[in-house]
Amino acid sequence: MTSTTEQLSATTLLRFATAGSVDDGKSTLVGRLLHDSKSVLEDQLEAVERVSADRGQDAPDLALLTDGLRAEREQGITIDVAYRYFATARRRFILADTPGHVQYTRNMVTGASTADLAVVLVDARNGVIEQTRRHAAVAALLRVPHVVLAVNKMDLVGYEEAVFAKIAEEFTSYASELGVPEITAIPISALAGDNVVEPSANMDWYGGPTVLEHLETVPVSHDLTACPARFPVQYVIRPQTAEHPDYRGYAGQIASGVLRVGEPVTVLPSGRTSVIEGIDALGEPVDIAWAPQSVTVRLKDDIDISRGDLIAPTASAPATTQDVVATVCHVADQPLAVGARVLLKHTTRTVKAIVKEIPSRLTLDDLSQHPDPGQLVANDIGRVVVRTAEPLALDAYADSRRTGSFLLIDPADGTTLAAGMAGESFASKAEAVEADDEGWDF
């Protein structure tokens with residue numbers, strides 16, 4: 001008989017994030033998913049029931065299963081990103097319940113940056129609002145391949161099909177303009193449980209999947225080996241012991257692709273070339289290694305390599321640049337202005353940089369570009385041109401979410417200012433269809 005552990009090890013993993021405006025019911029939806037899929041421990045449920053009863057509520061408030069901060073429970077809102085793990089017989093899940101308040105949109109960037117799917121909630125009574133558009137734009141910028149529109153609180157609009165259809169049409173049109181490759185609309189009531197785990201008896205006009213059914217069946221690809229190999233060096237290993245007097249290895253995690261012994265490689269940004277002499281994984285030599293394995297690479301030639309350098313196959317090595325053109329989500333309270341001196345962190349490399357231009361800021365209502373805003377403030381999305389002190393081996397974010405992304409950091413106190421995505425901002429419609437089938441003066 002196959003054990004539960006063996007069954008789960010054979011299932012795929014889906015990372016997904018929830019988003020939506022304040023009081024749209026994200027935490028209640030997550031709580032309902034955990035509760036109805038039998039993924040809540042008995043003592044957790046008892047604690048929620050006790051707190052709910054103390055508040056005079058007749059039924060357990062399932063939002064308390066995810067709103068863990070005291071401030072969250074007192075205000076009834078989500079502030080930080082709450083990560084939860086659960087599993088069904090068909091798939092394992094890591095979910096990021098992200099805040100809905102405009103002030104905390106930056107937290108959605110954190111939650112959605114590694115997500116395969118985003119669930120955007122809309123209150124059926126309010127329809128698509130600015131914060132809904134902002135979350136859709138963030139999902140599109142981060143190239144989240146699948147978006148679920150969950151039209152919540154259908155019980156408060158009499159389960160009317162016309163209400164759902166209008167919201168679904170408006171959101172789908174907007175998200176398609178952004179280049180989101182796949183959008184699935186589902187009418188739900190997280191409080192009552194309609195179409196979350198079990199099909200709703202109140203909406204017989206809807207014949208699509210429940211939220212959980214869609215999460216269990218949506219196709220997910222984690223094949224990082226199809227991309228060109230990228231190996232950011234994290235640490236140089238030089239034991240210099242009697243047993244290993246000449247050992248020089250470069251340790252790190254393969255960001256994408258496959259590395260093979262005997263393969264010609266280029267070290268960036270220096271441009272020096274060599275050949276992979278050996279690969280060590282878990283202390284044992286191997287002939288081949290692939291993303292996202294953590295390995296130690298040995299080269300035939302002694303080259304000056306340090307943390308932050310990138311090793312890539314010579315045949316598919318990325319170009320280096322000191323002029324980074326990108327779209328950023330500004331996440332700090334302090335503005336980002338032209339002329340700002342920052343640190344740019346890309347994989348394991350951190351370099352000094354200057355913001356040379358801010359060509360435009362995105363207007364969420366009509367997706368138009370506001371030219372030359374001069375600065376970006378918290379939660380703004382805009383285009384920037386950054387000049388770095390040293391060359392960087394950046395891929396386009398559309399080609400690699402790992403090696404096409406970076407952070408802009410305040411050098412004074414280490415605050416993260418913005419999350420950046422190199423290259424074009426949004427996917428074109430054609431791409432979407434295809435995806436579906438101090439002296440720093442330099």
# chains A, B, ... in the order shown; residues from 1 in each chain; ligands from 1
$ residues_around --residues "Gly207 (chain A)" --least-positions-apart "4" --cutoff "12 Å" --atoms "only C-alpha atoms" --output "ChimeraX atom specification"
/A:161,185-187,195,199-203
$ residues_around --residues "Gly414 (chain A)" --least-positions-apart "6" --cutoff "12 Å" --atoms "only C-alpha atoms" --output "list of chain:residue names"
A:Ala332, A:Val342, A:Leu343, A:Leu344, A:Lys345, A:Thr350, A:Leu407, A:Leu408
$ closest_atom_pairs --of "region 233-332 of chain A" --to "region 356-378 of chain A" --cutoff "10 Å" --atoms "only C-alpha atoms" --output "JSON lines"
{"residue": "A:Asp323", "atom": "CA", "partner": "A:Lys356", "partner_atom": "CA", "distance": 9.1}
{"residue": "A:Val324", "atom": "CA", "partner": "A:Lys356", "partner_atom": "CA", "distance": 9.8}
{"residue": "A:Val325", "atom": "CA", "partner": "A:Glu357", "partner_atom": "CA", "distance": 9.4}
{"residue": "A:Ala326", "atom": "CA", "partner": "A:Ile358", "partner_atom": "CA", "distance": 9.9}
{"residue": "A:Thr327", "atom": "CA", "partner": "A:Arg361", "partner_atom": "CA", "distance": 9.4}
{"residue": "A:Val328", "atom": "CA", "partner": "A:Leu376", "partner_atom": "CA", "distance": 9.4}
{"residue": "A:Cys329", "atom": "CA", "partner": "A:Ala378", "partner_atom": "CA", "distance": 8.3}
{"residue": "A:His330", "atom": "CA", "partner": "A:Ala378", "partner_atom": "CA", "distance": 5.4}
{"residue": "A:Val331", "atom": "CA", "partner": "A:Ala378", "partner_atom": "CA", "distance": 5.3}
{"residue": "A:Ala332", "atom": "CA", "partner": "A:Ala378", "partner_atom": "CA", "distance": 5.5}
$ write_last_selection --atoms "C-alpha atoms" --output "compact mmCIF listing (two decimals), in the first residue's frame"
# COMPACT_ATOMS: atom_id res chain seq x y z
CA ASP A 323 22.53 50.78 -18.29
CA VAL A 324 19.58 48.91 -16.84
CA VAL A 325 16.19 49.72 -18.36
CA ALA A 326 13.41 48.23 -16.28
CA THR A 327 10.00 48.49 -14.72
CA VAL A 328 9.92 48.85 -10.94
CA CYS A 329 7.32 48.57 -8.22
CA HIS A 330 8.24 51.20 -5.64
CA VAL A 331 7.82 49.68 -2.18
CA ALA A 332 9.38 52.23 0.22
$ closest_residue --among "A:Pro335, A:Gly420, A:Gly25, A:Gly158" --to "Leu142 (chain A)" --atoms "only C-alpha atoms"
A:Gly420
$ residues_around --residues "Gly249 (chain A)" --least-positions-apart "4" --cutoff "10 Å" --atoms "only C-alpha atoms" --output "MDAnalysis selection string"
chainID A and resid 233 235:239 278:280 295:299 305
$ closest_residue --among "A:Val338, A:Ala124, A:Ala398, A:Leu268" --to "Asp304 (chain A)" --atoms "only C-alpha atoms"
A:Leu268
$ closest_residue --among "A:Ala317, A:Val197, A:Ile129, A:Met421" --to "Ile167 (chain A)" --atoms "only C-alpha atoms"
A:Ile129
$ select_by_dssp --residues "region 69-216 of chain A" --states "strand (DSSP E or B)" --output "short mmCIF file (atom, residue, chain, number, x, y, z; two decimals) with C-alpha atoms, in the first residue's frame"
data_model
loop_
_atom_site.label_atom_id
_atom_site.label_comp_id
_atom_site.auth_asym_id
_atom_site.auth_seq_id
_atom_site.Cartn_x
_atom_site.Cartn_y
_atom_site.Cartn_z
CA ALA A 82 0.94 35.15 5.66
CA TYR A 83 2.42 31.98 4.17
CA ARG A 84 0.54 28.72 4.61
CA TYR A 85 1.26 25.19 3.50
CA PHE A 86 -1.41 22.61 2.85
CA ALA A 87 -1.91 19.59 0.65
CA ARG A 91 -1.31 18.55 -5.17
CA ARG A 92 0.78 20.35 -2.56
CA PHE A 93 0.30 24.10 -2.04
CA ILE A 94 2.26 27.06 -0.69
CA LEU A 95 -0.01 30.09 -0.48
CA ALA A 96 0.81 33.70 0.27
CA ASP A 97 -2.14 35.63 1.70
CA LEU A 117 -0.97 31.63 -9.87
CA ALA A 118 -2.65 34.67 -8.33
CA VAL A 119 -6.18 34.70 -6.92
CA VAL A 120 -7.57 38.23 -7.17
CA LEU A 121 -10.73 38.73 -5.09
CA VAL A 122 -13.42 41.24 -5.92
CA ASP A 123 -16.40 42.14 -3.74
CA HIS A 146 -2.33 32.12 -14.24
CA VAL A 147 -4.83 34.54 -12.66
CA VAL A 148 -8.09 33.55 -10.98
CA LEU A 149 -10.76 36.21 -10.57
CA ALA A 150 -12.77 35.19 -7.51
CA VAL A 151 -15.97 37.25 -7.39
CA ASN A 152 -16.72 36.99 -3.67
CA ILE A 183 -7.76 34.35 -16.61
CA THR A 184 -10.35 32.14 -14.92
CA ALA A 185 -13.41 33.76 -13.29
CA ILE A 186 -15.21 31.93 -10.47
CA PRO A 187 -18.26 33.21 -8.49
CA SER A 189 -19.02 33.07 -1.27
CA ASP A 194 -20.05 28.41 -2.24
CA GLU A 198 -17.66 22.29 -2.85
#
$ residues_around --residues "Val267 (chain A)" --least-positions-apart "2" --cutoff "12 Å" --atoms "only C-alpha atoms" --output "VMD selection string"
chain A and resid 230 to 233 250 264 to 265 269 to 276 299 301 to 314 316 to 320 392 to 393
$ closest_residue --among "A:Arg383, A:Lys26, A:Lys352, A:Arg402" --to "Gln322 (chain A)" --atoms "only C-alpha atoms"
A:Lys352
$ atom_distance --atom1 "CA of Leu224 (chain A)" --atom2 "CA of Gly257 (chain A)"
5.7 Å
$ select_by_dssp --residues "region 197-349 of chain A" --states "alpha helix (DSSP H)" --output "VMD selection string"
chain A and resid 211 to 217
$ atom_distance --atom1 "CA of Asp413 (chain A)" --atom2 "CA of Tyr397 (chain A)"
27.2 Å
$ atom_distance --atom1 "CA of Gln234 (chain A)" --atom2 "CA of Gln253 (chain A)"
7.8 Å
